[in-house]
Amino acid sequence: MLARIFIADLHLDAVADLRCTRFLECLHAEAHWADEIFILGDLFEAWVGDDDDAELAETVCHGLKQASQSAALHFMPGNRDFLCGEGFAARSGAVLIGDPFLTSDGLVLVHGDALCTDDLDYQRLRKEVRRPPWQAELLAKPLAERRAIARQLRTASTAGKADKAQDIMDVNAEAAAALLEDSGAEILIHGHTHRPGMHHSGRGVRYVLGDWNRCGWLLRQAHRRLQLECFSLARPYPGA
Ligand SMILES: [Mn+2]
């Protein structure tokens with residue numbers, strides 16, 4: 001029986017934050033239960049490079065590395081942590097996976113931002129920051145400067161979202177259906193939109209992971225059964 005956990009959008013930004021504590025507890029508990037753990041992007045609020053020596057990067061990578069001894073960890077970078085590369089993989093024990101990623105049993109996984117095709121401004125930005133020369137130029141800057149840039153980008157992103165209609169920041173239904181069709185899958189799993197739920201479409205089922213805010217979210221797979229779960233961040237993680 002295949003046991004898996006899927007999570008996304010934790011947006012970790014400080015070790016002192018409750019989300020970080022609960023994530024490490026969750027990871028510890030679920031790594032003993034699951035064969036595989038998939039982190040589908042935006043684990044970090046920002047990732048400024050694999051050489052990041054901040055306490056958050058050290059603590060989270062250490063927790064992941066420990067968990068990787070009990071479960072196979074798979075990490076798909078999101079739009080916040082797209083700079084996570086092979087250095088991060090080595091530090092964390094996670095294997096980097098592409099977006100989209102098709103599992104051996106036919107689930108298609110994405111972060112979700114590429115499916116928000118109605119948001120043309122965002123798609124232009126996404127294309128730009130994914131260009132290798134753009135990334136190389138950024139990574140060549142000193143850590144302190146990269147941290148300052150990450151702060152600026154965050155402020156600009158918050159301001160940009162406030163002006164946008166809610167529906168253009170959601171997944172485009174046709175883009176989701178096309179992805180299922182192209183990958184020959186019946187189940188699509190993603191995060192990014194912070195709108196947890198389960199949607200039936202003609203082609204299959206789309207599970208949307210929630211962001212970790214007041215509660216934490218995960219999708220649990222036991223054999224072919226998938227279950228979306230949430231838990232309070234106010235209390236220690238069950239079984240931790
Ligand atoms: Mn995202």
# chains A, B, ... in the order shown; residues from 1 in each chain; ligands from 1
$ residues_around --residues "Met169 of chain A" --least-positions-apart "4" --cutoff "10 Å" --atoms "only C-alpha atoms" --output "PyMOL selection string"
chain A and resi 113+115-120+122+161+164-165+192-193
$ residues_around --residues "segment 200-211 of chain A" --least-positions-apart "5" --cutoff "8 Å" --atoms "only C-alpha atoms" --output "short mmCIF file (atom, residue, chain, number, x, y, z; two decimals) with C-alpha atoms, in the first residue's frame"
data_model
loop_
_atom_site.label_atom_id
_atom_site.label_comp_id
_atom_site.auth_asym_id
_atom_site.auth_seq_id
_atom_site.Cartn_x
_atom_site.Cartn_y
_atom_site.Cartn_z
CA PHE A 6 1.17 16.24 -0.15
CA ILE A 7 1.63 19.76 1.23
CA ALA A 8 2.25 23.23 -0.22
CA ASP A 9 2.17 26.92 0.60
CA LEU A 10 3.57 26.94 4.10
CA HIS A 11 5.26 30.26 3.36
CA ALA A 177 -8.48 20.22 -17.99
CA LEU A 180 -5.09 16.35 -17.22
CA GLU A 181 -5.73 15.51 -20.86
CA ALA A 185 -4.11 11.56 -15.67
CA GLU A 186 -7.42 11.62 -13.84
CA ILE A 187 -6.20 13.37 -10.71
CA LEU A 188 -4.50 16.77 -10.50
CA ILE A 189 -3.03 18.06 -7.24
CA HIS A 190 -1.82 21.63 -6.74
CA GLY A 191 -1.54 24.50 -4.29
CA HIS A 192 -0.72 28.18 -4.86
CA THR A 193 -4.24 29.63 -4.97
CA HIS A 194 -4.86 29.22 -1.21
CA ARG A 195 -8.35 27.92 -2.01
CA GLY A 216 -2.24 23.51 8.35
CA TRP A 217 -3.39 21.50 5.33
CA LEU A 218 -2.33 18.25 3.81
CA LEU A 219 -3.61 15.72 1.32
CA LEU A 228 -7.81 16.51 2.29
#
$ residues_near_ligand --ligand "ligand 1" --cutoff "6 Å" --atoms "only C-alpha atoms and all ligand atoms" --output "PyMOL selection string"
chain A and resi 42+78-79+192
$ closest_residue --among "A:Val48, A:Ala162, A:Leu96, A:Ala31" --to "Leu64 of chain A" --atoms "only C-alpha atoms"
A:Ala31
$ select_by_dssp --residues "segment 31-232 of chain A" --states "strand (DSSP E or B)" --output "JSON, numbers by chain"
{"A": [36, 37, 38, 39, 44, 72, 73, 74, 75, 95, 96, 101, 102, 107, 108, 109, 187, 188, 189, 190, 197, 198, 199, 200, 205, 206, 207, 208, 215, 216, 217, 218, 219, 220, 221, 222, 225, 226, 227, 228, 229, 230, 231, 232]}
$ write_last_selection --atoms "N, CA and C atoms" --output "CSV table (one decimal), in the first residue's frame"
chain,number,residue,atom,x,y,z
A,36,GLU,N,6.2,8.4,1.0
A,36,GLU,CA,6.7,9.5,0.2
A,36,GLU,C,6.0,10.8,0.7
A,37,ILE,N,6.8,11.9,0.7
A,37,ILE,CA,6.2,13.2,1.0
A,37,ILE,C,6.5,14.1,-0.1
A,38,PHE,N,5.5,14.8,-0.6
A,38,PHE,CA,5.6,15.7,-1.8
A,38,PHE,C,5.3,17.1,-1.2
A,39,ILE,N,6.3,18.0,-1.4
A,39,ILE,CA,6.1,19.4,-1.1
A,39,ILE,C,6.0,20.2,-2.4
A,44,PHE,N,8.8,27.9,1.5
A,44,PHE,CA,9.4,29.2,2.0
A,44,PHE,C,8.7,30.4,1.5
A,72,ALA,N,10.7,9.1,1.5
A,72,ALA,CA,11.3,9.8,0.3
A,72,ALA,C,10.7,11.2,0.2
A,73,LEU,N,11.5,12.2,0.2
A,73,LEU,CA,11.0,13.6,0.1
A,73,LEU,C,11.2,14.1,-1.4
A,74,HIS,N,10.1,14.7,-1.9
A,74,HIS,CA,10.1,15.3,-3.2
A,74,HIS,C,9.7,16.7,-3.1
A,75,PHE,N,10.5,17.6,-3.7
A,75,PHE,CA,10.3,19.0,-3.6
A,75,PHE,C,10.1,19.6,-5.0
A,95,VAL,N,14.5,15.3,-3.2
A,95,VAL,CA,14.7,15.2,-4.6
A,95,VAL,C,13.9,16.3,-5.3
A,96,LEU,N,14.5,17.1,-6.1
A,96,LEU,CA,13.8,18.1,-6.9
A,96,LEU,C,13.0,17.5,-8.0
A,101,PHE,N,4.7,17.3,-12.7
A,101,PHE,CA,5.3,16.0,-12.4
A,101,PHE,C,4.2,15.0,-12.4
A,102,LEU,N,4.5,13.9,-13.1
A,102,LEU,CA,3.6,12.8,-13.2
A,102,LEU,C,4.1,11.6,-12.3
A,107,LEU,N,-0.8,10.4,-11.0
A,107,LEU,CA,-1.3,11.7,-10.5
A,107,LEU,C,-0.5,12.8,-11.1
A,108,VAL,N,-1.1,13.8,-11.5
A,108,VAL,CA,-0.3,14.9,-12.1
A,108,VAL,C,-0.2,16.0,-11.0
A,109,LEU,N,1.0,16.5,-10.7
A,109,LEU,CA,1.3,17.5,-9.7
A,109,LEU,C,1.9,18.7,-10.3
A,187,ILE,N,-6.3,12.6,-12.0
A,187,ILE,CA,-6.2,13.4,-10.7
A,187,ILE,C,-5.1,14.4,-10.8
A,188,LEU,N,-5.5,15.7,-10.5
A,188,LEU,CA,-4.5,16.8,-10.5
A,188,LEU,C,-4.4,17.3,-9.1
A,189,ILE,N,-3.2,17.5,-8.6
A,189,ILE,CA,-3.0,18.1,-7.2
A,189,ILE,C,-2.2,19.3,-7.3
A,190,HIS,N,-2.6,20.4,-6.7
A,190,HIS,CA,-1.8,21.6,-6.7
A,190,HIS,C,-2.1,22.5,-5.5
A,197,GLY,N,-9.7,22.7,-1.6
A,197,GLY,CA,-10.9,22.1,-2.0
A,197,GLY,C,-10.7,20.9,-3.0
A,198,MET,N,-11.8,20.4,-3.5
A,198,MET,CA,-11.8,19.3,-4.4
A,198,MET,C,-12.8,19.7,-5.5
A,199,HIS,N,-12.4,19.6,-6.7
A,199,HIS,CA,-13.3,20.0,-7.8
A,199,HIS,C,-13.4,18.9,-8.9
A,200,HIS,N,-14.6,18.5,-9.3
A,200,HIS,CA,-14.8,17.6,-10.3
A,200,HIS,C,-14.9,18.3,-11.6
A,205,VAL,N,-10.5,14.8,-11.3
A,205,VAL,CA,-10.7,15.5,-10.1
A,205,VAL,C,-9.4,16.3,-9.8
A,206,ARG,N,-9.7,17.5,-9.3
A,206,ARG,CA,-8.6,18.4,-9.0
A,206,ARG,C,-8.6,18.7,-7.5
A,207,TYR,N,-7.5,18.4,-6.8
A,207,TYR,CA,-7.4,18.6,-5.4
A,207,TYR,C,-6.5,19.9,-5.2
A,208,VAL,N,-7.0,20.8,-4.4
A,208,VAL,CA,-6.3,22.0,-4.1
A,208,VAL,C,-5.9,22.0,-2.7
A,215,CYS,N,-4.7,27.2,10.1
A,215,CYS,CA,-4.6,25.8,10.2
A,215,CYS,C,-3.6,25.3,9.2
A,216,GLY,N,-3.1,24.1,9.3
A,216,GLY,CA,-2.2,23.5,8.3
A,216,GLY,C,-3.1,22.6,7.5
A,217,TRP,N,-2.7,22.4,6.3
A,217,TRP,CA,-3.4,21.5,5.3
A,217,TRP,C,-2.5,20.4,4.8
A,218,LEU,N,-3.1,19.3,4.6
A,218,LEU,CA,-2.3,18.3,3.8
A,218,LEU,C,-3.3,17.3,3.1
A,219,LEU,N,-2.8,16.7,2.0
A,219,LEU,CA,-3.6,15.7,1.3
A,219,LEU,C,-2.9,14.4,1.6
A,220,ARG,N,-3.7,13.5,2.2
A,220,ARG,CA,-3.2,12.2,2.5
A,220,ARG,C,-3.6,11.1,1.5
A,221,GLN,N,-2.7,10.3,1.0
A,221,GLN,CA,-3.0,9.3,0.1
A,221,GLN,C,-2.7,7.9,0.7
A,222,ALA,N,-3.7,7.1,0.8
A,222,ALA,CA,-3.4,5.7,1.3
A,222,ALA,C,-4.0,4.8,0.1
A,225,ARG,N,-6.9,6.1,-2.2
A,225,ARG,CA,-7.8,7.0,-1.5
A,225,ARG,C,-7.1,8.3,-1.1
A,226,LEU,N,-7.7,9.4,-1.5
A,226,LEU,CA,-7.1,10.7,-1.2
A,226,LEU,C,-8.0,11.5,-0.3
A,227,GLN,N,-7.4,12.1,0.7
A,227,GLN,CA,-8.2,12.8,1.7
A,227,GLN,C,-7.6,14.1,2.1
A,228,LEU,N,-8.3,15.2,1.9
A,228,LEU,CA,-7.8,16.5,2.3
A,228,LEU,C,-8.1,16.7,3.8
A,229,GLU,N,-7.0,17.1,4.5
A,229,GLU,CA,-7.1,17.3,6.0
A,229,GLU,C,-6.6,18.6,6.4
A,230,CYS,N,-7.2,19.2,7.4
A,230,CYS,CA,-6.7,20.4,8.0
A,230,CYS,C,-6.6,20.2,9.5
A,231,PHE,N,-5.7,20.9,10.2
A,231,PHE,CA,-5.5,20.7,11.6
A,231,PHE,C,-5.1,22.1,12.2
A,232,SER,N,-5.4,22.3,13.4
A,232,SER,CA,-5.1,23.6,14.1
A,232,SER,C,-3.6,23.8,14.3
$ select_by_dssp --residues "segment 56-171 of chain A" --states "helix (DSSP H, G or I)" --output "PyMOL selection string"
chain A and resi 56-67+86-92+113-115+120-129+132-139+143-162+166-169
$ closest_residue --among "A:Ala71, A:Leu24, A:Ala90, A:Leu43" --to "Ala3 of chain A" --atoms "only C-alpha atoms"
A:Ala71
$ residues_around --residues "Ala114 of chain A" --least-positions-apart "6" --cutoff "9 Å" --atoms "only C-alpha atoms" --output "list of chain:residue names"
A:Asp99, A:Gln123, A:Arg126, A:Val171, A:Ala175
$ write_last_selection --atoms "N, CA and C atoms" --output "PDB file, in the first residue's frame"
ATOM      1  N   ASP A  99       7.863  20.759 -12.714  1.00  0.00           N
ATOM      2  CA  ASP A  99       6.485  21.243 -12.669  1.00  0.00           C
ATOM      3  C   ASP A  99       6.003  21.339 -14.126  1.00  0.00           C
ATOM      4  N   GLN A 123       2.010  35.882 -15.527  1.00  0.00           N
ATOM      5  CA  GLN A 123       2.643  34.907 -16.434  1.00  0.00           C
ATOM      6  C   GLN A 123       3.893  35.492 -17.090  1.00  0.00           C
ATOM      7  N   ARG A 126       6.572  35.389 -14.420  1.00  0.00           N
ATOM      8  CA  ARG A 126       6.986  33.996 -14.202  1.00  0.00           C
ATOM      9  C   ARG A 126       8.011  33.567 -15.248  1.00  0.00           C
ATOM     10  N   VAL A 171      -7.024  29.294 -10.707  1.00  0.00           N
ATOM     11  CA  VAL A 171      -6.654  28.412 -11.807  1.00  0.00           C
ATOM     12  C   VAL A 171      -7.700  28.510 -12.918  1.00  0.00           C
ATOM     13  N   ALA A 175      -7.244  25.347 -18.582  1.00  0.00           N
ATOM     14  CA  ALA A 175      -5.822  25.004 -18.452  1.00  0.00           C
ATOM     15  C   ALA A 175      -5.660  23.743 -17.605  1.00  0.00           C
TER      16      ALA A 175
END
$ atom_distance --atom1 "atom CA of Asp53 of chain A" --atom2 "atom CA of Leu12 of chain A"
15.2 Å
$ atom_distance --atom1 "atom CA of Tyr237 of chain A" --atom2 "atom CA of Leu27 of chain A"
9.5 Å
$ residues_around --residues "Cys61 of chain A" --least-positions-apart "4" --cutoff "10 Å" --atoms "only C-alpha atoms" --output "VMD selection string"
chain A and resid 55 to 57 65 to 67 88 to 94
$ atom_distance --atom1 "atom CA of Arg224 of chain A" --atom2 "atom CA of Trp33 of chain A"
15.9 Å
